[in-house]
$ cat upload_18.txt   # compact mmCIF, C-alpha atoms
# COMPACT_ATOMS: atom_id res chain seq x y z
CA MET H 1194 -29.01 -25.72 -100.28
CA ALA H 1195 -26.81 -22.66 -99.82
CA ILE H 1196 -28.29 -19.68 -98.00
CA GLN H 1197 -29.99 -17.28 -100.42
CA ARG H 1198 -30.41 -13.52 -100.21
CA PRO H 1199 -33.70 -12.36 -98.62
CA LYS H 1200 -36.74 -12.04 -100.90
CA GLY H 1201 -37.17 -8.54 -102.26
CA THR H 1202 -33.47 -7.66 -102.16
CA GLN H 1203 -30.69 -7.65 -104.75
CA ASP H 1204 -26.93 -7.98 -104.71
CA LEU H 1205 -25.04 -5.20 -106.51
CA LEU H 1206 -22.39 -7.02 -108.51
CA PRO H 1207 -19.01 -6.13 -110.04
CA GLU H 1208 -18.32 -5.97 -113.78
CA GLY H 1209 -17.99 -9.34 -115.49
CA SER H 1210 -20.27 -11.22 -113.08
CA PRO H 1211 -22.03 -14.07 -114.94
CA LYS H 1212 -25.52 -13.09 -113.73
CA LEU H 1213 -25.06 -9.35 -114.14
CA SER H 1214 -28.01 -7.19 -115.28
CA LEU H 1215 -28.39 -3.44 -115.43
CA ASP H 1216 -30.35 -3.26 -112.18
CA THR H 1217 -27.73 -5.32 -110.30
CA GLN H 1218 -24.68 -3.63 -111.80
CA ALA H 1219 -22.85 -1.84 -109.01
CA SER H 1220 -21.23 0.61 -111.42
CA ALA H 1221 -24.70 1.63 -112.73
CA PHE H 1222 -25.77 2.61 -109.22
CA THR H 1223 -22.51 4.49 -108.71
CA HIS H 1224 -22.96 6.29 -112.03
CA ILE H 1225 -26.48 7.46 -111.12
CA GLN H 1226 -25.27 8.69 -107.74
CA ASP H 1227 -22.34 10.50 -109.38
CA VAL H 1228 -24.61 12.23 -111.91
CA ALA H 1229 -27.04 13.23 -109.16
CA ARG H 1230 -24.16 14.63 -107.13
CA ARG H 1231 -22.89 16.64 -110.09
CA VAL H 1232 -26.28 18.11 -111.03
CA LEU H 1233 -27.46 18.85 -107.49
CA GLU H 1234 -24.19 20.19 -106.13
CA ARG H 1235 -23.90 22.55 -109.10
CA ALA H 1236 -27.16 24.03 -107.76
CA GLY H 1237 -25.72 24.42 -104.25
CA ALA H 1238 -26.92 21.19 -102.62
CA GLN H 1239 -24.79 19.63 -99.89
CA PHE H 1240 -24.58 15.93 -99.08
CA ILE H 1241 -26.13 14.61 -95.88
CA ALA H 1242 -26.36 11.04 -94.56
CA THR H 1243 -28.77 9.89 -91.85
CA PRO H 1244 -29.11 6.46 -90.16
CA ILE H 1245 -30.92 3.71 -92.01
CA PHE H 1246 -33.02 3.13 -88.86
CA GLU H 1247 -34.86 5.78 -86.91
CA ASP H 1248 -37.17 6.08 -83.92
CA ALA H 1249 -40.50 4.56 -84.90
CA GLU H 1250 -42.35 7.66 -83.73
CA LEU H 1251 -40.38 9.83 -86.17
CA VAL H 1252 -41.48 7.71 -89.11
CA LYS H 1253 -45.08 7.50 -87.89
CA ARG H 1254 -45.24 11.29 -87.70
CA GLY H 1255 -43.10 11.87 -90.76
CA VAL H 1256 -44.88 9.45 -93.09
CA GLY H 1257 -48.30 9.37 -91.44
CA GLY H 1258 -50.02 6.86 -89.18
CA SER H 1259 -52.85 6.29 -91.66
CA THR H 1260 -50.59 5.39 -94.60
CA ASP H 1261 -50.08 1.85 -95.87
CA ILE H 1262 -46.34 2.35 -95.29
CA VAL H 1263 -46.74 2.78 -91.53
CA ARG H 1264 -49.65 0.37 -91.07
CA LYS H 1265 -48.41 -2.50 -93.23
CA GLU H 1266 -44.92 -2.04 -94.64
CA MET H 1267 -42.54 -1.07 -91.84
CA PHE H 1268 -39.58 -3.24 -90.80
CA THR H 1269 -39.20 -3.12 -87.02
CA VAL H 1270 -35.71 -3.26 -85.53
CA THR H 1271 -35.37 -5.22 -82.27
CA TYR H 1272 -32.27 -6.11 -80.28
CA PHE H 1273 -31.32 -7.16 -76.75
CA GLY H 1274 -34.80 -6.98 -75.32
CA ASP H 1275 -35.83 -3.82 -77.20
CA HIS H 1276 -39.50 -3.99 -78.15
CA GLY H 1277 -39.65 -2.41 -81.58
CA GLY H 1278 -38.80 1.20 -80.79
CA PHE H 1279 -36.89 1.59 -84.06
CA ILE H 1280 -37.71 0.88 -87.69
CA LEU H 1281 -35.76 0.72 -90.93
CA ARG H 1282 -36.42 3.94 -92.80
CA PRO H 1283 -39.06 3.69 -95.56
CA GLU H 1284 -38.11 7.09 -97.02
CA GLY H 1285 -35.52 9.81 -96.46
CA THR H 1286 -37.35 13.08 -95.77
CA ALA H 1287 -38.33 12.57 -92.12
CA GLY H 1288 -34.78 11.66 -91.12
CA ILE H 1289 -33.32 14.67 -92.90
CA VAL H 1290 -35.77 17.07 -91.25
CA ARG H 1291 -35.03 15.43 -87.88
CA ALA H 1292 -31.30 15.99 -88.45
CA TYR H 1293 -31.97 19.60 -89.50
CA LEU H 1294 -33.77 20.26 -86.22
CA GLN H 1295 -31.47 18.26 -83.96
CA ALA H 1296 -28.20 19.62 -85.36
CA GLY H 1297 -29.32 23.25 -85.49
CA LEU H 1298 -28.92 23.49 -89.26
CA LYS H 1299 -31.25 26.48 -89.25
CA GLN H 1300 -28.10 28.49 -88.45
CA LEU H 1301 -26.77 27.80 -91.95
CA PRO H 1302 -27.65 30.16 -94.83
CA ALA H 1303 -31.18 29.62 -96.11
CA PRO H 1304 -32.45 28.03 -98.19
CA LEU H 1305 -30.46 24.97 -97.18
CA LYS H 1306 -30.31 22.45 -100.03
CA LEU H 1307 -29.50 18.89 -99.03
CA TRP H 1308 -29.24 15.65 -100.95
CA THR H 1309 -28.57 12.03 -100.14
CA HIS H 1310 -28.74 8.52 -101.53
CA GLY H 1311 -29.06 5.12 -99.97
CA PRO H 1312 -31.23 2.12 -99.15
CA MET H 1313 -34.86 2.35 -98.00
CA PHE H 1314 -37.03 -0.48 -96.70
CA ARG H 1315 -40.68 -1.43 -97.14
CA ALA H 1316 -42.27 -4.83 -96.48
CA GLU H 1317 -44.44 -4.78 -99.58
CA ASN H 1318 -45.29 -7.36 -102.23
CA VAL H 1319 -42.31 -7.90 -104.51
CA GLN H 1320 -42.85 -7.03 -108.17
CA LYS H 1321 -41.06 -5.40 -111.06
CA GLY H 1322 -39.39 -2.23 -109.83
CA ARG H 1323 -40.64 -2.71 -106.25
CA LEU H 1324 -38.30 -4.32 -103.74
CA ARG H 1325 -38.23 -4.60 -99.98
CA GLN H 1326 -34.81 -3.00 -99.94
CA PHE H 1327 -34.57 -0.37 -102.64
CA HIS H 1328 -32.40 2.67 -103.22
CA GLN H 1329 -33.28 6.32 -103.64
CA VAL H 1330 -31.74 9.63 -104.54
CA ASP H 1331 -33.32 12.29 -102.31
CA TYR H 1332 -33.22 16.10 -102.54
CA GLU H 1333 -34.63 18.48 -99.92
CA VAL H 1334 -34.77 22.28 -99.55
CA LEU H 1335 -35.40 23.68 -96.08
CA GLY H 1336 -36.00 27.22 -94.92
CA ALA H 1337 -37.55 28.86 -97.99
CA GLU H 1338 -41.05 29.40 -99.31
CA GLY H 1339 -42.09 30.57 -102.73
CA ALA H 1340 -42.88 29.22 -106.17
CA LEU H 1341 -39.31 29.76 -107.40
CA VAL H 1342 -37.96 27.18 -104.91
CA ASP H 1343 -40.63 24.71 -106.01
CA ALA H 1344 -39.96 25.18 -109.70
CA GLU H 1345 -36.21 24.82 -109.22
CA ALA H 1346 -36.70 21.54 -107.32
CA ILE H 1347 -38.81 20.13 -110.18
CA ALA H 1348 -36.30 21.33 -112.78
CA LEU H 1349 -33.42 19.69 -110.88
CA MET H 1350 -35.24 16.35 -110.70
CA VAL H 1351 -35.77 16.47 -114.46
CA GLY H 1352 -32.17 17.65 -114.90
CA VAL H 1353 -30.74 14.59 -113.16
CA VAL H 1354 -32.62 12.07 -115.32
CA ARG H 1355 -31.95 14.06 -118.49
CA GLU H 1356 -28.22 14.10 -117.77
CA LEU H 1357 -28.39 10.33 -117.39
CA GLY H 1358 -29.69 10.18 -120.97
CA LEU H 1359 -33.36 9.44 -120.24
CA LYS H 1360 -35.74 11.14 -122.67
CA GLY H 1361 -39.23 9.64 -122.27
CA VAL H 1362 -40.09 11.22 -118.95
CA ARG H 1363 -42.95 13.54 -118.08
CA VAL H 1364 -43.75 15.59 -115.01
CA LYS H 1365 -47.31 15.28 -113.71
CA LEU H 1366 -47.91 18.47 -111.75
CA GLY H 1367 -50.61 19.34 -109.25
CA SER H 1368 -51.37 21.26 -106.07
CA ILE H 1369 -53.07 20.25 -102.84
CA GLY H 1370 -53.61 23.81 -101.62
CA ASP H 1371 -53.31 25.28 -98.16
CA PRO H 1372 -54.58 23.64 -94.94
CA GLU H 1373 -57.89 25.44 -95.09
CA ASP H 1374 -58.36 24.34 -98.72
CA ARG H 1375 -57.66 20.76 -97.72
CA GLU H 1376 -60.07 20.92 -94.80
CA ALA H 1377 -62.85 22.11 -97.08
CA TYR H 1378 -61.99 19.44 -99.64
CA ASN H 1379 -61.97 16.68 -97.01
CA THR H 1380 -65.40 17.83 -95.88
CA TYR H 1381 -66.59 17.54 -99.47
CA LEU H 1382 -65.09 14.03 -99.77
CA ARG H 1383 -66.71 12.81 -96.54
CA GLY H 1384 -70.06 13.98 -97.77
CA LEU H 1385 -69.53 12.31 -101.12
CA PHE H 1386 -68.26 8.93 -99.90
CA THR H 1387 -70.30 8.43 -96.71
CA PRO H 1388 -73.49 7.27 -98.52
CA HIS H 1389 -71.31 4.63 -100.25
CA LEU H 1390 -69.42 3.51 -97.17
CA GLU H 1391 -70.07 -0.20 -97.72
CA ARG H 1392 -68.53 -0.06 -101.18
CA LEU H 1393 -65.20 1.23 -99.88
CA SER H 1394 -62.31 -1.09 -99.05
CA GLU H 1395 -61.64 -1.68 -95.37
CA ASP H 1396 -58.60 0.59 -95.50
CA SER H 1397 -60.58 3.40 -97.11
CA LYS H 1398 -63.37 3.12 -94.58
CA ASP H 1399 -60.75 4.01 -92.00
CA ARG H 1400 -59.33 6.75 -94.23
CA LEU H 1401 -62.79 8.32 -94.60
CA GLU H 1402 -62.66 9.38 -90.97
CA ARG H 1403 -58.94 10.02 -90.59
CA ASN H 1404 -58.02 11.61 -93.91
CA PRO H 1405 -60.41 11.24 -96.89
CA MET H 1406 -57.83 12.46 -99.41
CA ARG H 1407 -55.97 9.18 -98.88
CA ILE H 1408 -58.92 7.39 -100.52
CA LEU H 1409 -58.02 9.05 -103.84
CA ASP H 1410 -54.56 7.48 -103.61
CA SER H 1411 -55.93 4.02 -102.78
CA LYS H 1412 -54.47 0.96 -104.50
CA SER H 1413 -57.83 -0.84 -104.26
CA ALA H 1414 -59.59 -1.45 -107.58
CA GLN H 1415 -63.04 -1.16 -105.93
CA ASP H 1416 -62.09 2.23 -104.49
CA GLN H 1417 -60.87 3.48 -107.84
CA ASP H 1418 -64.06 2.23 -109.55
CA LEU H 1419 -66.16 4.18 -107.04
CA ILE H 1420 -64.05 7.30 -107.49
CA ARG H 1421 -64.67 7.21 -111.24
CA GLU H 1422 -68.36 6.48 -110.81
CA LEU H 1423 -68.87 9.42 -108.43
CA ASP H 1424 -66.87 11.72 -110.71
CA VAL H 1425 -64.98 13.14 -107.75
CA ARG H 1426 -64.12 16.82 -108.10
CA PRO H 1427 -60.30 17.23 -108.11
CA MET H 1428 -58.41 19.12 -105.44
CA LEU H 1429 -57.23 21.63 -108.04
CA ASP H 1430 -60.81 22.90 -108.31
CA SER H 1431 -60.80 23.66 -104.57
CA LEU H 1432 -57.65 25.79 -104.34
CA GLY H 1433 -57.89 29.07 -102.46
CA GLU H 1434 -56.71 32.31 -104.00
CA ALA H 1435 -53.18 32.19 -102.53
CA ALA H 1436 -52.57 28.55 -103.43
CA ALA H 1437 -53.93 29.05 -106.95
CA ALA H 1438 -51.60 32.03 -107.46
CA HIS H 1439 -48.66 29.97 -106.17
CA PHE H 1440 -49.47 27.13 -108.57
CA ALA H 1441 -49.75 29.53 -111.49
CA GLN H 1442 -46.34 31.00 -110.65
CA VAL H 1443 -44.70 27.55 -110.46
CA ARG H 1444 -46.10 26.80 -113.92
CA ALA H 1445 -44.87 30.14 -115.25
CA TYR H 1446 -41.29 29.42 -114.14
CA LEU H 1447 -41.34 25.93 -115.65
CA ASP H 1448 -42.77 27.28 -118.90
CA ASP H 1449 -40.05 29.92 -119.03
CA TRP H 1450 -37.32 27.32 -118.45
CA GLY H 1451 -38.71 24.88 -121.00
CA VAL H 1452 -39.47 22.15 -118.43
CA ALA H 1453 -42.39 20.16 -119.85
CA TYR H 1454 -45.21 18.99 -117.58
CA ASP H 1455 -48.83 17.90 -117.60
CA VAL H 1456 -51.27 19.32 -115.08
CA ASP H 1457 -52.71 16.30 -113.27
CA PRO H 1458 -55.63 17.04 -110.92
CA SER H 1459 -55.48 13.50 -109.49
CA ILE H 1460 -52.16 13.95 -107.69
CA VAL H 1461 -52.67 14.05 -103.92
CA ARG H 1462 -50.51 14.11 -100.82
CA GLY H 1463 -52.78 13.04 -98.01
CA LEU H 1464 -50.73 14.03 -94.95
CA ASP H 1465 -51.53 17.13 -92.91
CA TYR H 1466 -48.15 18.81 -93.33
CA TYR H 1467 -48.14 18.70 -97.13
CA ARG H 1468 -49.35 21.75 -98.97
CA ARG H 1469 -49.42 23.40 -102.36
CA THR H 1470 -47.04 21.97 -105.00
CA ALA H 1471 -47.05 18.20 -105.62
CA TRP H 1472 -45.71 16.28 -108.60
CA GLU H 1473 -44.64 12.89 -109.95
CA LEU H 1474 -42.10 11.92 -112.59
CA HIS H 1475 -43.33 9.19 -114.94
CA HIS H 1476 -41.90 6.96 -117.65
CA GLU H 1477 -43.90 4.49 -119.75
CA GLY H 1478 -41.05 1.98 -119.79
CA VAL H 1479 -41.50 1.20 -116.10
CA GLY H 1480 -44.89 -0.40 -116.67
CA ALA H 1481 -48.43 0.23 -115.49
CA LYS H 1482 -47.23 1.91 -112.30
CA SER H 1483 -45.01 4.27 -114.24
CA ALA H 1484 -43.84 6.64 -111.51
CA LEU H 1485 -40.07 6.93 -111.12
CA GLY H 1486 -40.53 9.19 -108.11
CA GLY H 1487 -42.20 12.34 -106.91
CA GLY H 1488 -42.09 15.29 -104.61
CA GLY H 1489 -44.00 17.98 -102.84
CA ARG H 1490 -43.98 20.88 -100.42
CA TYR H 1491 -44.23 19.95 -96.72
CA ASP H 1492 -44.16 23.18 -94.71
CA GLY H 1493 -45.84 21.53 -91.71
CA LEU H 1494 -43.47 18.59 -91.24
CA ALA H 1495 -40.95 20.20 -88.87
CA GLU H 1496 -43.79 21.22 -86.52
CA GLN H 1497 -45.19 17.68 -86.72
CA LEU H 1498 -41.80 16.43 -85.51
CA GLY H 1499 -41.77 18.81 -82.54
CA GLY H 1500 -39.80 21.72 -84.01
CA PRO H 1501 -40.66 25.23 -85.19
CA MET H 1502 -42.34 25.89 -88.52
CA VAL H 1503 -39.74 25.34 -91.27
CA PRO H 1504 -40.77 25.57 -94.94
CA GLY H 1505 -39.64 22.55 -96.91
CA ILE H 1506 -39.90 20.91 -100.28
CA GLY H 1507 -38.27 17.79 -101.65
CA TRP H 1508 -38.32 14.84 -103.98
CA ALA H 1509 -36.95 11.34 -104.37
CA PHE H 1510 -36.67 8.81 -107.16
CA GLY H 1511 -36.00 5.07 -106.98
CA ILE H 1512 -32.71 4.03 -108.56
CA GLU H 1513 -34.01 0.55 -109.47
CA ARG H 1514 -37.06 2.03 -111.20
CA LEU H 1515 -34.86 4.53 -113.02
CA LEU H 1516 -32.67 1.68 -114.27
CA ILE H 1517 -35.76 -0.07 -115.69
CA ALA H 1518 -36.59 3.11 -117.61
CA LEU H 1519 -33.01 3.46 -118.87
CA ALA H 1520 -33.04 -0.16 -120.06
CA ALA H 1521 -36.39 0.40 -121.81
CA GLU H 1522 -34.88 3.29 -123.78
CA GLY H 1523 -31.68 1.36 -124.50
CA VAL H 1524 -29.52 3.95 -122.75
CA ALA H 1525 -26.02 2.54 -122.32
CA LEU H 1526 -24.41 3.37 -119.01
CA PRO H 1527 -20.62 3.51 -118.74
CA ALA H 1528 -18.99 0.37 -117.42
CA GLY H 1529 -16.89 0.62 -114.31
CA ASP H 1530 -13.35 1.74 -114.95
CA GLY H 1531 -10.51 -0.78 -114.90
CA PRO H 1532 -6.96 0.01 -113.81
CA LEU H 1533 -4.96 2.55 -115.77
CA LEU H 1534 -1.96 0.23 -115.52
CA TYR H 1535 -1.56 -3.51 -114.90
CA LEU H 1536 1.87 -4.87 -113.97
CA ALA H 1537 3.01 -8.49 -114.13
CA ALA H 1538 6.37 -10.03 -113.25
CA MET H 1539 7.92 -12.71 -115.43
CA GLU H 1540 9.81 -14.43 -112.59
CA ASP H 1541 9.39 -14.87 -108.84
CA ALA H 1542 12.31 -12.51 -108.32
CA GLN H 1543 10.39 -9.57 -109.85
CA VAL H 1544 7.00 -10.05 -108.12
CA ALA H 1545 7.95 -7.97 -105.07
CA PHE H 1546 9.47 -5.32 -107.34
CA ALA H 1547 6.26 -5.09 -109.40
CA ALA H 1548 4.27 -4.74 -106.17
CA LYS H 1549 6.54 -1.89 -105.00
CA VAL H 1550 6.20 -0.07 -108.34
CA ALA H 1551 2.41 -0.42 -108.10
CA GLN H 1552 2.32 0.88 -104.53
CA GLU H 1553 4.26 4.02 -105.50
CA ALA H 1554 2.33 4.57 -108.76
CA ARG H 1555 -1.03 4.50 -106.95
CA ALA H 1556 -0.35 8.05 -105.82
CA ALA H 1557 -1.24 9.02 -109.39
CA ALA H 1558 -3.76 6.45 -110.64
CA ARG H 1559 -5.36 3.06 -110.18
CA VAL H 1560 -2.65 0.43 -110.64
CA GLU H 1561 -2.97 -3.32 -110.17
CA PHE H 1562 -0.37 -6.09 -110.27
CA ALA H 1563 -0.17 -9.87 -110.57
CA TYR H 1564 0.58 -11.71 -107.33
CA ARG H 1565 2.36 -14.51 -109.18
CA PRO H 1566 4.73 -14.51 -112.16
CA GLN H 1567 3.06 -14.64 -115.57
CA LYS H 1568 4.13 -15.25 -119.13
CA PRO H 1569 3.62 -12.18 -121.36
CA GLY H 1570 0.63 -13.64 -123.24
CA ASN H 1571 -1.16 -14.56 -120.03
CA ALA H 1572 -0.33 -11.20 -118.49
CA PHE H 1573 -1.85 -9.22 -121.38
CA ARG H 1574 -4.98 -11.41 -121.44
CA ASP H 1575 -5.39 -10.91 -117.70
CA ALA H 1576 -4.97 -7.16 -118.14
CA GLU H 1577 -7.67 -7.09 -120.84
CA ARG H 1578 -10.09 -9.03 -118.64
CA ARG H 1579 -9.55 -6.40 -115.96
CA ARG H 1580 -10.22 -3.66 -118.56
CA ALA H 1581 -6.79 -2.08 -118.03
CA ARG H 1582 -5.70 0.67 -120.37
CA TYR H 1583 -1.97 -0.12 -120.19
CA ALA H 1584 -0.03 -3.22 -119.24
CA ALA H 1585 3.64 -3.94 -118.67
CA VAL H 1586 5.59 -7.14 -118.10
CA ILE H 1587 8.59 -6.79 -115.80
CA GLY H 1588 11.64 -9.00 -116.23
CA SER H 1589 15.17 -8.71 -114.87
CA ASP H 1590 16.17 -6.32 -117.66
CA GLU H 1591 13.30 -3.87 -116.87
CA GLN H 1592 14.15 -4.05 -113.19
CA GLU H 1593 17.85 -3.34 -113.75
CA ARG H 1594 17.29 -0.51 -116.26
CA GLY H 1595 14.41 1.07 -114.33
CA VAL H 1596 12.32 1.29 -117.52
CA LEU H 1597 8.89 -0.18 -118.28
CA LYS H 1598 7.63 -1.01 -121.76
CA LEU H 1599 3.97 0.04 -121.56
CA LYS H 1600 1.50 -1.46 -124.03
CA HIS H 1601 -1.75 0.35 -124.78
CA LEU H 1602 -4.29 -2.47 -124.86
CA GLY H 1603 -6.67 -0.55 -127.11
CA THR H 1604 -4.25 0.33 -129.91
CA GLY H 1605 -1.35 -2.08 -129.30
CA ALA H 1606 1.12 0.82 -129.32
CA GLN H 1607 4.15 0.43 -127.04
CA GLN H 1608 6.46 2.97 -125.44
CA ASP H 1609 9.25 2.99 -122.90
CA VAL H 1610 8.65 4.95 -119.71
CA ALA H 1611 11.32 5.39 -117.04
CA LEU H 1612 10.22 4.55 -113.52
CA THR H 1613 11.24 8.05 -112.50
CA ASP H 1614 8.71 9.42 -115.02
CA LEU H 1615 5.92 6.88 -114.38
CA LYS H 1616 3.95 8.99 -111.93
CA THR H 1617 3.94 12.00 -114.28
CA PHE H 1618 2.93 9.80 -117.21
CA LEU H 1619 0.01 8.30 -115.29
CA GLU H 1620 -1.16 11.71 -114.03
CA GLN H 1621 -1.28 12.98 -117.62
CA GLU H 1622 -3.17 9.89 -118.79
CA ASN H 1623 -5.59 10.21 -115.86
CA ALA H 1624 -6.33 13.89 -116.49

$ encode --input "upload_18.txt" --output "structure tokens"
Amino acid sequence: MAIQRPKGTQDLLPEGSPKLSLDTQASAFTHIQDVARRVLERAGAQFIATPIFEDAELVKRGVGGSTDIVRKEMFTVTYFGDHGGFILRPEGTAGIVRAYLQAGLKQLPAPLKLWTHGPMFRAENVQKGRLRQFHQVDYEVLGAEGALVDAEAIALMVGVVRELGLKGVRVKLGSIGDPEDREAYNTYLRGLFTPHLERLSEDSKDRLERNPMRILDSKSAQDQDLIRELDVRPMLDSLGEAAAAHFAQVRAYLDDWGVAYDVDPSIVRGLDYYRRTAWELHHEGVGAKSALGGGGRYDGLAEQLGGPMVPGIGWAFGIERLLIALAAEGVALPAGDGPLLYLAAMEDAQVAFAAKVAQEARAAARVEFAYRPQKPGNAFRDAERRRARYAAVIGSDEQERGVLKLKHLGTGAQQDVALTDLKTFLEQENA
């Protein structure tokens, strides 16, 4: 049996592949990345790329040692006697903040808006919309506090998916308060759950001591049953005056901009450096676990990584999960573009000439050519399969006269174009 791709991964395939689906269509991924670039860079974001593997300690601090990601889902990188000092990144934020600190990006004008896209890795159970190698679009803002920054980040996340044509999305918005609010809330949770210790999952027994808020985010059915039974008071009810005012201001901006949201008291971010604004973006078409992605403010992360205090907020969404939502709504994504011009020679003597014309014309547009002579009928069929807009067959007469008869494959219209004018013609068609 031929070697298969690893479980929990997908190949991104070119147009026309026999087993092509929306979530394996390479042009669909490219389209989402292009739309994200357009929306985010209009708002001043700059592209950044960090390694797909990082020091394990960075991820443990950046994601949290008590999380399922660090405890159960990390891929360790080993090589030449190395003993697991590196891991494949499970998310993008920690690496971006590390780069910000290491490269001295604090010297750039604040707030610094950064965005990236690329593969992430988690060794989790494979299911619909959840892969071991998946892809994210990630947006981070560093160096600025305030509700206006938070509201803009949420609006930009919604803006990206709206520009892609997705309609059935909803923001679930919450707040986890300031550190002192969280400390008081964790004290409340310990007091509430301790008498029921034996009913908690093994993971949540550990969380009860380390970080009780993580219990609220547990995937265990028995934990969630206990949470409902105890009628746990939400974090929103424990916000201090400053955090409550911040949350109210974020909501006021979103209301003013017409960005719809639902206040969701159940949203938590259980790590010490998270604070205040937290949200998730949901779509029913994804299934029971309907989150496309989420975000939050993490003013304590840079200090956790050994740097100075740097305010930060960011979000990420999974491209594969977004594609499921787009398919559920029947949103048609543009297919990958074919060549603007396809050239074919009728005889062996013109093959090299067609190749030379293509090489020179590529300064203006995408041009492809046949590597062997073709009859006109075969040439035009080949051009259509490649989704070319124009095609031309070159014989001895075209070569001698220096004129191509271009056929528009959509309309069938034909026109003569001199080789000396070909570049200008293609530039106008490509505009």

$ closest_residue --input "upload_18.txt" --among "H:Leu1349, H:Leu1429, H:Met1313, H:Leu1335" --to "Lys1299 of chain H" --atoms "only C-alpha atoms"
H:Leu1335

$ residues_around --input "upload_18.txt" --residues "Gly1488 of chain H" --least-positions-apart "2" --cutoff "7 Å" --atoms "all atoms listed in the file" --output "PyMOL selection string"
chain H and resi 1471-1473+1507-1509

$ closest_residue --input "upload_18.txt" --among "H:Arg1426, H:Arg1469, H:Arg1407, H:Arg1594" --to "Gln1442 of chain H" --atoms "all atoms listed in the file"
H:Arg1469

$ atom_distance --input "upload_18.txt" --atom1 "atom CA of Gly1288 of chain H" --atom2 "atom CA of Ala1249 of chain H"
11.0 Å

$ atom_distance --input "upload_18.txt" --atom1 "atom CA of Arg1579 of chain H" --atom2 "atom CA of Leu1597 of chain H"
19.6 Å

$ closest_atom_pairs --input "upload_18.txt" --of "segment 1409-1512 of chain H" --to "segment 1225-1230 of chain H" --cutoff "12 Å" --atoms "all atoms listed in the file" --output "JSON lines"
{"residue": "H:Ala1509", "atom": "CA", "partner": "H:Ala1229", "partner_atom": "CA", "distance": 11.2}
{"residue": "H:Phe1510", "atom": "CA", "partner": "H:Ala1229", "partner_atom": "CA", "distance": 10.8}
{"residue": "H:Gly1511", "atom": "CA", "partner": "H:Ile1225", "partner_atom": "CA", "distance": 10.7}
{"residue": "H:Ile1512", "atom": "CA", "partner": "H:Ile1225", "partner_atom": "CA", "distance": 7.6}

$ write_last_selection --input "upload_18.txt" --atoms "C-alpha atoms" --output "PDB file, in the frame of the given file"
ATOM      1  CA  ALA H1509     -36.950  11.340-104.370  1.00  0.00           C
ATOM      2  CA  PHE H1510     -36.670   8.810-107.160  1.00  0.00           C
ATOM      3  CA  GLY H1511     -36.000   5.070-106.980  1.00  0.00           C
ATOM      4  CA  ILE H1512     -32.710   4.030-108.560  1.00  0.00           C
TER       5      ILE H1512
END

$ atom_distance --input "upload_18.txt" --atom1 "atom CA of Ala1576 of chain H" --atom2 "atom CA of Gly1603 of chain H"
11.3 Å

$ closest_residue --input "upload_18.txt" --among "H:Ala1495, H:Ala1316, H:Ala1436, H:Leu1357" --to "Arg1254 of chain H" --atoms "all atoms listed in the file"
H:Ala1495

$ closest_residue --input "upload_18.txt" --among "H:Gly1358, H:Asp1410, H:Ala1554, H:Thr1271" --to "Gly1523 of chain H" --atoms "all atoms listed in the file"
H:Gly1358

$ axis_aligned_box --input "upload_18.txt" --around "segment 1388-1407 of chain H" --padding-each-side "4 Å" --output "lines of an AutoDock Vina configuration file"
center_x = -64.7
center_y = 5.4
center_z = -95.9
size_x = 25.5
size_y = 22.1
size_z = 18.6

$ closest_residue --input "upload_18.txt" --among "H:Ala1557, H:His1601, H:Pro1302, H:Leu1393" --to "Phe1573 of chain H" --atoms "only C-alpha atoms"
H:His1601

$ closest_residue --input "upload_18.txt" --among "H:Arg1291, H:Lys1200, H:His1328, H:Arg1444" --to "Val1503 of chain H" --atoms "only C-alpha atoms"
H:Arg1291

$ residues_around --input "upload_18.txt" --residues "Asn1623 of chain H" --least-positions-apart "2" --cutoff "9 Å" --atoms "all atoms listed in the file" --output "CSV table (one decimal) with C-alpha atoms, keeping the file's coordinate frame"
chain,number,residue,atom,x,y,z
H,1533,LEU,CA,-5.0,2.6,-115.8
H,1557,ALA,CA,-1.2,9.0,-109.4
H,1558,ALA,CA,-3.8,6.4,-110.6
H,1618,PHE,CA,2.9,9.8,-117.2
H,1619,LEU,CA,0.0,8.3,-115.3
H,1620,GLU,CA,-1.2,11.7,-114.0
H,1621,GLN,CA,-1.3,13.0,-117.6

$ residues_around --input "upload_18.txt" --residues "Leu1233 of chain H" --least-positions-apart "6" --cutoff "10 Å" --atoms "all atoms listed in the file" --output "list in words"
Asp1227, Gln1239, Phe1240, Lys1306, Leu1307, Trp1308, Tyr1332, Ala1346, Leu1349, Met1350, Gly1352 and Val1353 of chain H

$ residues_around --input "upload_18.txt" --residues "Leu1474 of chain H" --least-positions-apart "6" --cutoff "7 Å" --atoms "only C-alpha atoms" --output "list in words"
Val1362, Arg1363, Val1364, Lys1365, Ala1484, Leu1485, Gly1486 and Gly1487 of chain H

$ residues_near_point --input "upload_18.txt" --point "(-30.4, 26.4, -99.7)" --cutoff "10 Å" --atoms "only C-alpha atoms" --output "compact mmCIF listing (two decimals) with C-alpha atoms, keeping the file's coordinate frame"
# COMPACT_ATOMS: atom_id res chain seq x y z
CA ALA H 1236 -27.16 24.03 -107.76
CA GLY H 1237 -25.72 24.42 -104.25
CA ALA H 1238 -26.92 21.19 -102.62
CA GLN H 1239 -24.79 19.63 -99.89
CA LEU H 1301 -26.77 27.80 -91.95
CA PRO H 1302 -27.65 30.16 -94.83
CA ALA H 1303 -31.18 29.62 -96.11
CA PRO H 1304 -32.45 28.03 -98.19
CA LEU H 1305 -30.46 24.97 -97.18
CA LYS H 1306 -30.31 22.45 -100.03
CA LEU H 1307 -29.50 18.89 -99.03
CA GLU H 1333 -34.63 18.48 -99.92
CA VAL H 1334 -34.77 22.28 -99.55
CA LEU H 1335 -35.40 23.68 -96.08
CA GLY H 1336 -36.00 27.22 -94.92
CA ALA H 1337 -37.55 28.86 -97.99
CA VAL H 1342 -37.96 27.18 -104.91
